[in-house]
>>> print(open('upload.pdb').read())   # PDB, C-alpha atoms and all ligand atoms
ATOM      1  CA  MET C   1      48.665 108.829 115.881
ATOM      2  CA  ASN C   2      46.157 108.814 113.085
ATOM      3  CA  GLN C   3      46.973 108.991 109.401
ATOM      4  CA  GLY C   4      46.337 112.731 109.147
ATOM      5  CA  HIS C   5      48.657 113.617 111.999
ATOM      6  CA  ARG C   6      51.406 111.412 110.675
ATOM      7  CA  SER C   7      51.390 112.964 107.230
ATOM      8  CA  GLU C   8      51.260 116.390 108.833
ATOM      9  CA  SER C   9      54.357 115.780 110.925
ATOM     10  CA  VAL C  10      56.160 114.319 107.926
ATOM     11  CA  GLN C  11      55.306 117.518 106.077
ATOM     12  CA  ILE C  12      56.560 119.645 108.933
ATOM     13  CA  ALA C  13      59.815 117.722 109.092
ATOM     14  CA  LYS C  14      60.233 118.195 105.352
ATOM     15  CA  LEU C  15      59.605 121.913 105.618
ATOM     16  CA  GLN C  16      62.067 122.169 108.472
ATOM     17  CA  THR C  17      64.830 120.564 106.428
ATOM     18  CA  GLU C  18      63.996 122.896 103.578
ATOM     19  CA  ILE C  19      64.233 125.905 105.883
ATOM     20  CA  LYS C  20      67.566 124.665 107.134
ATOM     21  CA  MET C  21      68.864 124.278 103.585
ATOM     22  CA  LEU C  22      67.631 127.697 102.548
ATOM     23  CA  ARG C  23      69.208 129.269 105.591
ATOM     24  CA  GLU C  24      72.579 127.724 104.797
ATOM     25  CA  GLN C  25      72.226 128.750 101.175
ATOM     26  CA  LEU C  26      71.550 132.303 102.266
ATOM     27  CA  LEU C  27      74.552 132.217 104.542
ATOM     28  CA  GLN C  28      76.728 131.033 101.677
ATOM     29  CA  SER C  29      75.537 133.750  99.316
ATOM     30  CA  GLU C  30      76.058 136.340 102.024
ATOM     31  CA  LYS C  31      79.587 135.039 102.435
ATOM     32  CA  LEU C  32      80.191 135.392  98.713
ATOM     33  CA  ALA C  33      78.784 138.888  98.736
ATOM     34  CA  SER C  34      80.944 139.977 101.666
ATOM     35  CA  LEU C  35      83.975 138.389 100.027
ATOM     36  CA  GLY C  36      83.252 140.506  96.972
ATOM     37  CA  GLN C  37      82.934 143.593  99.133
ATOM     38  CA  LEU C  38      86.175 142.826 100.894
ATOM     39  CA  ALA C  39      87.958 142.317  97.579
ATOM     40  CA  ALA C  40      86.635 145.588  96.209
ATOM     41  CA  GLY C  41      87.573 147.414  99.413
ATOM     42  CA  VAL C  42      91.112 146.063  99.369
ATOM     43  CA  ALA C  43      91.446 146.872  95.681
ATOM     44  CA  HIS C  44      90.315 150.409  96.346
ATOM     45  CA  GLU C  45      92.786 150.842  99.214
ATOM     46  CA  ILE C  46      95.714 149.485  97.217
ATOM     47  CA  ASN C  47      94.854 151.636  94.236
ATOM     48  CA  ASN C  48      96.034 154.850  95.822
ATOM     49  CA  PRO C  49      99.542 153.854  96.992
ATOM     50  CA  ILE C  50     100.108 151.900  93.785
ATOM     51  CA  GLY C  51      99.211 155.021  91.855
ATOM     52  CA  TYR C  52     101.900 157.165  93.400
ATOM     53  CA  VAL C  53     104.502 154.380  93.446
ATOM     54  CA  ALA C  54     103.930 153.972  89.713
ATOM     55  CA  SER C  55     104.279 157.650  89.000
ATOM     56  CA  ASN C  56     107.383 157.889  91.250
ATOM     57  CA  MET C  57     108.875 155.009  89.301
ATOM     58  CA  LYS C  58     108.709 157.020  86.060
ATOM     59  CA  VAL C  59     110.462 159.979  87.673
ATOM     60  CA  LEU C  60     113.048 157.690  89.274
ATOM     61  CA  ALA C  61     113.857 156.191  85.892
ATOM     62  CA  GLU C  62     114.509 159.644  84.488
ATOM     63  CA  TYR C  63     116.542 160.854  87.516
ATOM     64  CA  SER C  64     118.714 157.768  87.580
ATOM     65  CA  SER C  65     119.583 157.998  83.929
ATOM     66  CA  ASN C  66     120.455 161.689  84.455
ATOM     67  CA  LEU C  67     122.641 160.813  87.413
ATOM     68  CA  ILE C  68     124.486 158.166  85.451
ATOM     69  CA  HIS C  69     125.222 160.658  82.711
ATOM     70  CA  LEU C  70     126.356 163.202  85.263
ATOM     71  CA  VAL C  71     128.761 160.765  86.886
ATOM     72  CA  LYS C  72     130.172 159.819  83.503
ATOM     73  CA  ARG C  73     130.760 163.453  82.617
ATOM     74  CA  LEU C  74     132.275 164.366  85.967
ATOM     75  CA  SER C  75     134.535 161.362  85.937
ATOM     76  CA  GLN C  76     136.191 162.825  82.825
ATOM     77  CA  GLN C  77     137.499 165.608  85.075
ATOM     78  CA  VAL C  78     139.803 163.359  87.100
ATOM     79  CA  ASP C  79     142.895 161.494  86.029
ATOM     80  CA  ASP C  80     142.626 158.052  84.496
ATOM     81  CA  GLU C  81     143.836 156.132  87.495
ATOM     82  CA  THR C  82     141.560 157.845  90.023
ATOM     83  CA  ARG C  83     138.615 157.420  87.660
ATOM     84  CA  ALA C  84     139.261 153.722  87.144
ATOM     85  CA  ASN C  85     139.615 153.180  90.891
ATOM     86  CA  LEU C  86     136.497 155.094  91.764
ATOM     87  CA  LEU C  87     134.340 153.483  89.122
ATOM     88  CA  ALA C  88     135.572 150.041  90.112
ATOM     89  CA  HIS C  89     135.006 150.763  93.775
ATOM     90  CA  PHE C  90     131.342 151.573  93.155
ATOM     91  CA  ASP C  91     130.877 148.866  90.571
ATOM     92  CA  PHE C  92     129.756 151.619  88.271
ATOM     93  CA  GLU C  93     129.542 149.629  85.072
ATOM     94  CA  TYR C  94     127.404 146.983  86.664
ATOM     95  CA  VAL C  95     125.125 149.590  88.228
ATOM     96  CA  CYS C  96     124.711 151.311  84.855
ATOM     97  CA  ASP C  97     123.726 148.048  83.326
ATOM     98  CA  ASP C  98     121.467 146.836  86.127
ATOM     99  CA  LEU C  99     119.654 150.009  87.130
ATOM    100  CA  PRO C 100     117.485 150.403  84.025
ATOM    101  CA  LYS C 101     116.606 146.713  84.200
ATOM    102  CA  LEU C 102     115.502 147.031  87.822
ATOM    103  CA  VAL C 103     113.385 150.035  87.002
ATOM    104  CA  LEU C 104     111.789 148.271  84.048
ATOM    105  CA  GLU C 105     111.058 145.141  86.067
ATOM    106  CA  SER C 106     109.507 147.197  88.848
ATOM    107  CA  GLU C 107     107.337 149.018  86.348
ATOM    108  CA  GLN C 108     106.191 145.734  84.880
ATOM    109  CA  GLY C 109     105.453 144.342  88.339
ATOM    110  CA  LEU C 110     103.455 147.436  89.168
ATOM    111  CA  SER C 111     101.423 147.267  86.022
ATOM    112  CA  ARG C 112     100.585 143.660  86.850
ATOM    113  CA  VAL C 113      99.344 144.728  90.270
ATOM    114  CA  VAL C 114      97.311 147.483  88.622
ATOM    115  CA  GLY C 115      95.821 144.865  86.294
ATOM    116  CA  ILE C 116      94.881 142.601  89.189
ATOM    117  CA  ILE C 117      93.230 145.483  91.025
ATOM    118  CA  HIS C 118      91.311 146.393  87.920
ATOM    119  CA  ASP C 119      90.099 142.802  87.546
ATOM    120  CA  LEU C 120      89.157 142.538  91.204
ATOM    121  CA  LYS C 121      87.087 145.690  90.974
ATOM    122  CA  ASP C 122      85.520 144.539  87.775
ATOM    123  CA  PHE C 123      84.812 141.154  89.264
ATOM    124  CA  SER C 124      83.187 142.327  92.454
ATOM    125  CA  HIS C 125      81.391 145.407  91.103
ATOM    126  CA  ILE C 126      79.908 146.015  94.514
ATOM    127  CA  GLU C 127      78.638 149.372  93.455
ATOM    128  CA  GLN C 128      76.444 147.508  90.983
ATOM    129  CA  ALA C 129      73.883 145.295  92.638
ATOM    130  CA  ASP C 130      71.402 146.382  89.994
ATOM    131  CA  PHE C 131      70.761 145.442  86.431
ATOM    132  CA  VAL C 132      72.886 147.365  83.932
ATOM    133  CA  GLU C 133      73.663 147.074  80.239
ATOM    134  CA  ALA C 134      76.981 145.291  80.235
ATOM    135  CA  ASP C 135      79.505 143.674  77.971
ATOM    136  CA  LEU C 136      79.755 140.012  78.987
ATOM    137  CA  HIS C 137      83.276 139.688  77.624
ATOM    138  CA  GLN C 138      84.619 142.255  80.043
ATOM    139  CA  GLY C 139      83.394 140.199  82.997
ATOM    140  CA  ILE C 140      84.583 136.970  81.426
ATOM    141  CA  LEU C 141      88.088 138.332  80.890
ATOM    142  CA  SER C 142      88.503 139.699  84.393
ATOM    143  CA  THR C 143      87.108 136.548  85.972
ATOM    144  CA  LEU C 144      89.494 134.521  83.851
ATOM    145  CA  ASN C 145      92.449 136.634  84.917
ATOM    146  CA  LEU C 146      91.559 136.133  88.554
ATOM    147  CA  VAL C 147      91.479 132.348  88.323
ATOM    148  CA  SER C 148      94.173 131.867  85.708
ATOM    149  CA  ASN C 149      96.611 130.647  88.356
ATOM    150  CA  GLU C 150      94.123 128.100  89.569
ATOM    151  CA  LEU C 151      93.555 126.847  86.038
ATOM    152  CA  LYS C 152      96.936 126.949  84.398
ATOM    153  CA  TYR C 153      98.423 123.821  85.939
ATOM    154  CA  ARG C 154      95.512 121.683  84.832
ATOM    155  CA  ALA C 155      94.191 123.123  81.653
ATOM    156  CA  ASP C 156      94.682 125.389  78.692
ATOM    157  CA  VAL C 157      91.952 127.947  78.348
ATOM    158  CA  VAL C 158      90.611 128.538  74.859
ATOM    159  CA  LYS C 159      88.464 131.576  74.144
ATOM    160  CA  ASP C 160      86.027 131.329  71.295
ATOM    161  CA  PHE C 161      84.293 134.696  71.446
ATOM    162  CA  ALA C 162      81.668 136.121  69.132
ATOM    163  CA  GLU C 163      80.875 139.839  68.769
ATOM    164  CA  LEU C 164      78.276 140.235  71.501
ATOM    165  CA  PRO C 165      75.555 142.827  71.953
ATOM    166  CA  LYS C 166      75.329 144.302  75.440
ATOM    167  CA  VAL C 167      72.999 142.537  77.796
ATOM    168  CA  ASN C 168      70.913 143.634  80.741
ATOM    169  CA  CYS C 169      72.417 141.881  83.744
ATOM    170  CA  ILE C 170      74.044 142.132  87.149
ATOM    171  CA  PRO C 171      77.660 141.700  86.045
ATOM    172  CA  SER C 172      79.119 140.764  89.444
ATOM    173  CA  GLN C 173      76.616 137.933  89.773
ATOM    174  CA  LEU C 174      77.249 136.540  86.308
ATOM    175  CA  ASN C 175      80.948 136.680  87.150
ATOM    176  CA  GLN C 176      80.209 134.481  90.158
ATOM    177  CA  VAL C 177      78.434 132.007  87.915
ATOM    178  CA  LEU C 178      81.327 131.886  85.494
ATOM    179  CA  LEU C 179      83.826 131.572  88.323
ATOM    180  CA  ASN C 180      82.025 128.565  89.664
ATOM    181  CA  LEU C 181      81.769 126.939  86.243
ATOM    182  CA  LEU C 182      85.474 127.499  85.623
ATOM    183  CA  LEU C 183      86.521 126.078  88.983
ATOM    184  CA  ASN C 184      84.237 123.081  88.511
ATOM    185  CA  ALA C 185      85.695 122.496  85.048
ATOM    186  CA  ALA C 186      89.235 122.704  86.384
ATOM    187  CA  LYS C 187      88.346 120.287  89.168
ATOM    188  CA  ALA C 188      86.974 117.788  86.657
ATOM    189  CA  ILE C 189      90.266 117.791  84.769
ATOM    190  CA  LYS C 190      92.984 115.674  86.292
ATOM    191  CA  GLN C 191      95.756 117.086  84.111
ATOM    192  CA  ASP C 192      96.533 118.633  80.735
ATOM    193  CA  GLY C 193      92.951 119.339  79.796
ATOM    194  CA  THR C 194      91.301 122.115  77.878
ATOM    195  CA  ILE C 195      88.625 124.486  79.069
ATOM    196  CA  THR C 196      86.837 126.291  76.273
ATOM    197  CA  ILE C 197      84.778 129.416  76.807
ATOM    198  CA  THR C 198      82.436 130.087  73.948
ATOM    199  CA  THR C 199      80.121 133.070  73.558
ATOM    200  CA  GLY C 200      77.349 133.767  71.092
ATOM    201  CA  PHE C 201      73.887 135.186  70.565
ATOM    202  CA  ASP C 202      70.718 134.800  68.544
ATOM    203  CA  ASP C 203      67.479 136.754  68.327
ATOM    204  CA  PHE C 204      66.462 135.877  71.882
ATOM    205  CA  TRP C 205      69.562 135.063  73.878
ATOM    206  CA  VAL C 206      73.091 136.067  74.617
ATOM    207  CA  TRP C 207      75.011 133.123  75.952
ATOM    208  CA  PHE C 208      78.326 131.856  77.207
ATOM    209  CA  ALA C 209      79.390 128.261  77.607
ATOM    210  CA  VAL C 210      82.165 126.583  79.552
ATOM    211  CA  SER C 211      83.207 123.178  78.326
ATOM    212  CA  ASP C 212      85.891 120.877  79.603
ATOM    213  CA  ASN C 213      87.351 117.550  78.618
ATOM    214  CA  GLY C 214      87.398 116.334  82.193
ATOM    215  CA  GLU C 215      85.855 113.333  83.857
ATOM    216  CA  GLY C 216      82.246 114.095  82.859
ATOM    217  CA  MET C 217      79.088 112.964  84.667
ATOM    218  CA  ASP C 218      76.668 110.089  84.352
ATOM    219  CA  SER C 219      72.909 110.570  84.190
ATOM    220  CA  VAL C 220      72.389 109.993  87.934
ATOM    221  CA  GLN C 221      74.904 112.727  88.749
ATOM    222  CA  LEU C 222      73.445 115.011  86.092
ATOM    223  CA  GLY C 223      70.058 114.700  87.716
ATOM    224  CA  ARG C 224      71.396 115.968  91.024
ATOM    225  CA  ILE C 225      74.045 118.607  90.388
ATOM    226  CA  PHE C 226      71.698 121.570  90.873
ATOM    227  CA  GLU C 227      70.511 120.287  94.243
ATOM    228  CA  PRO C 228      71.853 122.417  97.079
ATOM    229  CA  PHE C 229      74.614 120.547  98.947
ATOM    230  CA  TYR C 230      75.064 117.909  96.269
ATOM    231  CA  THR C 231      78.803 117.475  95.879
ATOM    232  CA  THR C 232      81.165 114.683  94.937
ATOM    233  CA  LYS C 233      84.117 116.596  96.333
ATOM    234  CA  PRO C 234      85.773 115.618  99.610
ATOM    235  CA  LYS C 235      84.544 117.320 102.752
ATOM    236  CA  GLY C 236      86.042 120.781 103.085
ATOM    237  CA  GLU C 237      86.602 121.125  99.350
ATOM    238  CA  GLY C 238      83.119 121.355  97.942
ATOM    239  CA  THR C 239      79.997 122.897  99.416
ATOM    240  CA  GLY C 240      77.679 121.633  96.719
ATOM    241  CA  LEU C 241      76.203 125.115  96.553
ATOM    242  CA  GLY C 242      77.961 126.500  93.490
ATOM    243  CA  LEU C 243      75.556 125.242  90.873
ATOM    244  CA  SER C 244      72.402 125.790  92.885
ATOM    245  CA  LEU C 245      73.427 129.393  93.583
ATOM    246  CA  SER C 246      74.415 129.778  89.939
ATOM    247  CA  ARG C 247      71.060 128.532  88.793
ATOM    248  CA  GLY C 248      69.370 130.962  91.191
ATOM    249  CA  ILE C 249      71.360 133.836  89.698
ATOM    250  CA  VAL C 250      70.630 132.800  86.128
ATOM    251  CA  GLU C 251      66.915 132.448  86.871
ATOM    252  CA  LYS C 252      66.905 135.902  88.426
ATOM    253  CA  HIS C 253      68.078 137.047  84.988
ATOM    254  CA  GLN C 254      65.177 135.140  83.392
ATOM    255  CA  GLY C 255      67.838 132.995  81.825
ATOM    256  CA  VAL C 256      68.541 129.286  81.628
ATOM    257  CA  ILE C 257      71.519 127.150  82.485
ATOM    258  CA  ASN C 258      71.899 123.926  80.502
ATOM    259  CA  VAL C 259      74.342 121.113  80.855
ATOM    260  CA  SER C 260      75.430 118.215  78.719
ATOM    261  CA  SER C 261      77.991 115.690  79.791
ATOM    262  CA  THR C 262      79.494 112.330  78.917
ATOM    263  CA  PRO C 263      81.473 110.289  81.440
ATOM    264  CA  GLY C 264      85.122 110.156  80.460
ATOM    265  CA  VAL C 265      84.650 112.736  77.711
ATOM    266  CA  GLY C 266      83.713 116.005  79.385
ATOM    267  CA  SER C 267      80.979 118.471  80.215
ATOM    268  CA  CYS C 268      79.523 121.648  78.818
ATOM    269  CA  PHE C 269      77.528 124.219  80.793
ATOM    270  CA  THR C 270      75.669 126.895  78.852
ATOM    271  CA  VAL C 271      74.261 130.056  80.406
ATOM    272  CA  LYS C 272      71.695 131.920  78.328
ATOM    273  CA  ILE C 273      70.497 135.409  79.226
ATOM    274  CA  PRO C 274      67.586 137.030  77.374
ATOM    275  CA  ARG C 275      68.456 139.992  75.149
TER     276      ARG C 275
HETATM  277  N1  LIG C 301      82.461 120.420  84.826
HETATM  278  C1  LIG C 301      82.102 119.404  85.629
HETATM  279  N2  LIG C 301      82.554 118.136  85.375
HETATM  280  C2  LIG C 301      82.210 117.108  86.170
HETATM  281  N3  LIG C 301      81.417 117.220  87.260
HETATM  282  C3  LIG C 301      80.937 118.444  87.564
HETATM  283  C4  LIG C 301      81.254 119.592  86.781
HETATM  284  N4  LIG C 301      80.629 120.650  87.322
HETATM  285  C5  LIG C 301      79.968 120.195  88.392
HETATM  286  N5  LIG C 301      80.143 118.864  88.553
HETATM  287  C6  LIG C 301      79.535 118.025  89.603
HETATM  288  O1  LIG C 301      78.526 118.759  90.243
HETATM  289  C7  LIG C 301      78.766 118.798  91.649
HETATM  290  C8  LIG C 301      78.175 120.047  92.228
HETATM  291  O2  LIG C 301      78.857 121.220  91.791
HETATM  292  P1  LIG C 301      78.728 122.557  92.619
HETATM  293  O3  LIG C 301      77.285 122.848  92.867
HETATM  294  O4  LIG C 301      79.530 123.609  91.950
HETATM  295  O5  LIG C 301      79.340 122.205  94.035
HETATM  296  P2  LIG C 301      80.867 121.865  94.409
HETATM  297  O6  LIG C 301      81.727 122.423  93.333
HETATM  298  O7  LIG C 301      81.066 122.530  95.708
HETATM  299  O8  LIG C 301      80.924 120.369  94.500
HETATM  300  C9  LIG C 301      80.261 118.645  91.763
HETATM  301  O9  LIG C 301      80.648 118.148  93.030
HETATM  302  C10 LIG C 301      80.560 117.651  90.660
HETATM  303  O10 LIG C 301      80.243 116.339  91.065
HETATM  304 MG    MG C 302      81.544 124.327  92.423
END
>>> encode(input="upload.pdb", output="structure tokens")
Amino acid sequence: MNQGHRSESVQIAKLQTEIKMLREQLLQSEKLASLGQLAAGVAHEINNPIGYVASNMKVLAEYSSNLIHLVKRLSQQVDDETRANLLAHFDFEYVCDDLPKLVLESEQGLSRVVGIIHDLKDFSHIEQADFVEADLHQGILSTLNLVSNELKYRADVVKDFAELPKVNCIPSQLNQVLLNLLLNAAKAIKQDGTITITTGFDDFWVWFAVSDNGEGMDSVQLGRIFEPFYTTKPKGEGTGLGLSLSRGIVEKHQGVINVSSTPGVGSCFTVKIPR
């Protein structure tokens, strides 16, 4: 084989690996998109039954308190001994005490479910694959709510929010970016860390930053983290696609994603979107 052929086949091999990587990247982003669709679909389906359960709960609370009053009144009509026996038999005092508590607890549980559904819808925004004027904080808060369970055993989350102008963006995609940054930050913290979300703006940019006091990265790692498939996580845990997809999303917004990190001290990722 002459020199020309060799370099040609090296080129072809390189292109083939690139195609393979791009294909897997595409697959991954399609998976994320269909996950978002699924979440939004489920949220939509749950919304309806939750709606009538919640409104039934209000009526039930009223009916049960009426019934309790009725029983109390009626029980005045019978002699003391019969009344005492009957009320004891049905554990009436306990029921009177417990019933309102049960109703209240159920209402609180329901409103939590309603909150989760709201966040899921907000997070996935499937109806919005286009650029819209959006409030970044809204997306940040719902994304945070969705992962709060994942975060709370490792880290406290501190919000340092500025008053932000609206920004032209695809909210569901920026939510994906934030989600990935938050999960990465949590992963970098072994225990009892802090994740700080800061927002701000200047004449050109609106930005949010996620910083952690986790394990940090050295310069070799920093040079590679945006490569597709670069991961330091065990097989099955990390895909190494989060940051490369995130960078793709941010670039689609004509934005930039910056990172600074010190081993043993922590990392800070900043996402800037043009105003
Ligand atoms: N906050 C962080 N602290 C320390 N290392 C990080 C942080 N965020 C990302 N990294 C490094 O970058 C790598 C790539 O991240 P990412 O593209 O999200 O893929 P994955 O999370 O699947 O590993 C991680 O495996 C980790 O080594
Ligand atoms: Mg990740």
>>> atom_distance(input="upload.pdb", atom1="atom CA of C:Glu107", atom2="atom CA of C:Leu60")
10.8 Å
>>> atom_distance(input="upload.pdb", atom1="atom CA of C:Pro171", atom2="atom CA of C:Val271")
13.4 Å
>>> closest_residue(input="upload.pdb", among="C:Arg224, C:Lys187, C:Lys159, C:Lys14", to="ligand MG 302 (chain C)", atoms="all atoms listed in the file")
C:Lys187
>>> residues_near_ligand(input="upload.pdb", ligand="ligand MG 302 (chain C)", cutoff="8 Å", atoms="all atoms listed in the file", output="MDAnalysis selection string")
chainID C and resid 180:181 183:184 238:243
>>> residues_around(input="upload.pdb", residues="C:Asn175", least_positions_apart="5", cutoff="8 Å", atoms="all atoms listed in the file", output="list of chain:residue names")
C:Phe123, C:Gly139, C:Ile140, C:Thr143
>>> build_atoms(input="upload.pdb", residues="stretch 167-176 of chain C", atoms="all heavy atoms", output="mmCIF file, in the frame of the given file")
data_model
loop_
_atom_site.group_PDB
_atom_site.id
_atom_site.type_symbol
_atom_site.label_atom_id
_atom_site.label_comp_id
_atom_site.auth_asym_id
_atom_site.auth_seq_id
_atom_site.Cartn_x
_atom_site.Cartn_y
_atom_site.Cartn_z
ATOM 1 N N VAL C 167 74.129 143.252 77.246
ATOM 2 C CA VAL C 167 72.999 142.537 77.796
ATOM 3 C C VAL C 167 72.666 143.097 79.174
ATOM 4 O O VAL C 167 73.545 143.538 79.910
ATOM 5 C CB VAL C 167 73.282 141.009 77.801
ATOM 6 C CG1 VAL C 167 74.497 140.692 78.619
ATOM 7 C CG2 VAL C 167 72.077 140.230 78.279
ATOM 8 N N ASN C 168 71.385 143.102 79.477
ATOM 9 C CA ASN C 168 70.913 143.634 80.741
ATOM 10 C C ASN C 168 71.153 142.597 81.840
ATOM 11 O O ASN C 168 70.520 141.546 81.844
ATOM 12 C CB ASN C 168 69.413 143.952 80.602
ATOM 13 C CG ASN C 168 68.925 144.829 81.721
ATOM 14 O OD1 ASN C 168 69.662 145.682 82.227
ATOM 15 N ND2 ASN C 168 67.685 144.634 82.125
ATOM 16 N N CYS C 169 72.075 142.904 82.747
ATOM 17 C CA CYS C 169 72.417 141.881 83.744
ATOM 18 C C CYS C 169 73.055 142.520 84.971
ATOM 19 O O CYS C 169 73.321 143.714 85.004
ATOM 20 C CB CYS C 169 73.390 140.881 83.135
ATOM 21 S SG CYS C 169 74.969 141.619 82.707
ATOM 22 N N ILE C 170 73.268 141.695 85.990
ATOM 23 C CA ILE C 170 74.044 142.132 87.149
ATOM 24 C C ILE C 170 75.427 141.504 86.974
ATOM 25 O O ILE C 170 75.636 140.332 87.280
ATOM 26 C CB ILE C 170 73.395 141.661 88.464
ATOM 27 C CG1 ILE C 170 71.929 142.089 88.510
ATOM 28 C CG2 ILE C 170 74.160 142.209 89.664
ATOM 29 C CD1 ILE C 170 71.163 141.578 89.709
ATOM 30 N N PRO C 171 76.378 142.284 86.455
ATOM 31 C CA PRO C 171 77.660 141.700 86.045
ATOM 32 C C PRO C 171 78.358 140.910 87.148
ATOM 33 O O PRO C 171 78.863 139.811 86.907
ATOM 34 C CB PRO C 171 78.486 142.913 85.625
ATOM 35 C CG PRO C 171 77.489 143.956 85.275
ATOM 36 C CD PRO C 171 76.317 143.722 86.175
ATOM 37 N N SER C 172 78.372 141.453 88.384
ATOM 38 C CA SER C 172 79.119 140.764 89.444
ATOM 39 C C SER C 172 78.540 139.373 89.687
ATOM 40 O O SER C 172 79.260 138.432 89.995
ATOM 41 C CB SER C 172 79.065 141.580 90.728
ATOM 42 O OG SER C 172 77.722 141.771 91.109
ATOM 43 N N GLN C 173 77.224 139.240 89.510
ATOM 44 C CA GLN C 173 76.616 137.933 89.773
ATOM 45 C C GLN C 173 76.909 136.946 88.648
ATOM 46 O O GLN C 173 77.168 135.771 88.900
ATOM 47 C CB GLN C 173 75.117 138.100 89.985
ATOM 48 C CG GLN C 173 74.845 138.962 91.208
ATOM 49 C CD GLN C 173 73.460 138.751 91.768
ATOM 50 O OE1 GLN C 173 72.587 138.189 91.112
ATOM 51 N NE2 GLN C 173 73.246 139.213 92.984
ATOM 52 N N LEU C 174 76.899 137.447 87.407
ATOM 53 C CA LEU C 174 77.249 136.540 86.308
ATOM 54 C C LEU C 174 78.718 136.135 86.412
ATOM 55 O O LEU C 174 79.090 135.008 86.067
ATOM 56 C CB LEU C 174 76.963 137.196 84.951
ATOM 57 C CG LEU C 174 75.488 137.379 84.610
ATOM 58 C CD1 LEU C 174 75.329 137.881 83.176
ATOM 59 C CD2 LEU C 174 74.694 136.085 84.799
ATOM 60 N N ASN C 175 79.550 137.044 86.928
ATOM 61 C CA ASN C 175 80.948 136.680 87.150
ATOM 62 C C ASN C 175 81.055 135.530 88.144
ATOM 63 O O ASN C 175 81.893 134.637 87.989
ATOM 64 C CB ASN C 175 81.738 137.879 87.684
ATOM 65 C CG ASN C 175 81.912 138.966 86.648
ATOM 66 O OD1 ASN C 175 81.662 138.748 85.464
ATOM 67 N ND2 ASN C 175 82.336 140.143 87.085
ATOM 68 N N GLN C 176 80.212 135.565 89.168
ATOM 69 C CA GLN C 176 80.209 134.481 90.158
ATOM 70 C C GLN C 176 79.843 133.150 89.506
ATOM 71 O O GLN C 176 80.418 132.106 89.820
ATOM 72 C CB GLN C 176 79.180 134.755 91.268
ATOM 73 C CG GLN C 176 79.468 135.937 92.138
ATOM 74 C CD GLN C 176 80.536 135.638 93.160
ATOM 75 O OE1 GLN C 176 81.045 134.528 93.225
ATOM 76 N NE2 GLN C 176 80.896 136.624 93.946
#
